Structure formats: C-alpha cells, structure tokens
Amino acid sequence: MKKVMLLLMLSGATLYCQAQSIVGRWQLVKQSSCVEDEMPEEDDDTQALIDDMKAMSGATPQVIEFKANNTGQESTKIISKKKSYNSKSFLYRYNDSGLYFLDKRSKTIIEGFTVEKLEGDSLIISNASRVCETKVFVRVK
C-alpha cells in the first residue's frame with residue numbers, strides 16, 4: 001500500500017514540475033505599444049477607423065517559430081524592427097521568466113522580453129526595457 005501511495009505521489013510531482021515549453025509555432029494575435037497608451041481616448045468613429053486599418057494591414061499571419069536548438073524563424077519582423085542581414089532567422093535563450101534574442105556572431109543579448117504568461121496555447125511577453133510594449137501569441141499547429 002505504501003509503495004502504491006509513493007508511486008502516485010511521485011507521478012503527481014513529475015507532472016506538476018514539468019515546465020511549459022516555448023518550442024513550437026506561435027501566431028501574433030495582439031500587440032500594444034507605448035504610443036497607444038499615450039493617445040487620448042477616441043470616439044466610436046475613430047475606434048472603428050483604427051480597427052479597419054489594423055484589419056487591412058496584416059493580410060498574412062505573423063508567425064514566429066522557436067526550435068529546440070535555440071534557433072528560430074519569423075514570417076515577418078515581429079520581435080525587433082531593426083534591420084539585419086537575415087531578418088527572418090534568429091538565436092534565442094529562454095528561461096522561466098525571460099526570453100532573450102541574441103546576436104548571431106557574438107551571441108550577446110540584443111533584445112529582452114519578460115514572459116508574463118506561458119500556459120498551454122498562449123504566450124504573453126512584454127519588452128524588458130519598455131514594459132508598455134506587449135505581444136500576445138497563440139500556439140499554432
């Protein structure tokens with residue numbers, strides 16, 4: 001009886017201790033910037049116009065893929081707006097509280113994000129230096 005009880009406890013602890021994995025494909029569904037936070041409240045007509053413009057601007061889905069070997073690809077510039085030679089591939093490091101994008105040559109951090117939430121099929125990150133910039137992703141198959 002004690003062995004069965006111990007086995008159940010160890011199984012439960014193993015399931016509880018498994019960390020969420022960032023590896024996979026993620027689609028950007030929402031992002032906010034510091035500029036939007038500083039804009040004054042708009043009326044319904046202005047909000048409708050803004051929503052229409054946002055709907056027209058992103059015809060192709062913005063997808064980012066994190067691979068197990070700490071490399072990744074993005075379909076469009078999602079993470080950093082800086083120009084680079086190969087803007088669609090990147091190196092990254094991830095721990096439970098941070099996601100860091102690295103320079104390919106020197107392997108130094110060029111962009112850092114705080115992981116606000118990583119549960120199941122949702123990922124929310126905020127820029128470490130500008131907390132008002134957040135990005136919301138959902139996992140895609």
# chains A, B, ... in the order shown; residues from 1 in each chain; ligands from 1
$ residues_around --residues "A:Val140" --least-positions-apart "4" --cutoff "7 Å" --atoms "only C-alpha atoms" --output "count of residues only"
3
$ residues_around --residues "A:Ile64" --least-positions-apart "5" --cutoff "10 Å" --atoms "only C-alpha atoms" --output "VMD selection string"
chain A and resid 24 to 28 72 to 79 88 to 89 137 139 to 140
$ residues_around --residues "A:Lys107" --least-positions-apart "6" --cutoff "12 Å" --atoms "only C-alpha atoms" --output "PyMOL selection string"
chain A and resi 70-71+90-93+100-101
$ atom_distance --atom1 "atom CA of A:Thr60" --atom2 "atom CA of A:Val23"
21.8 Å
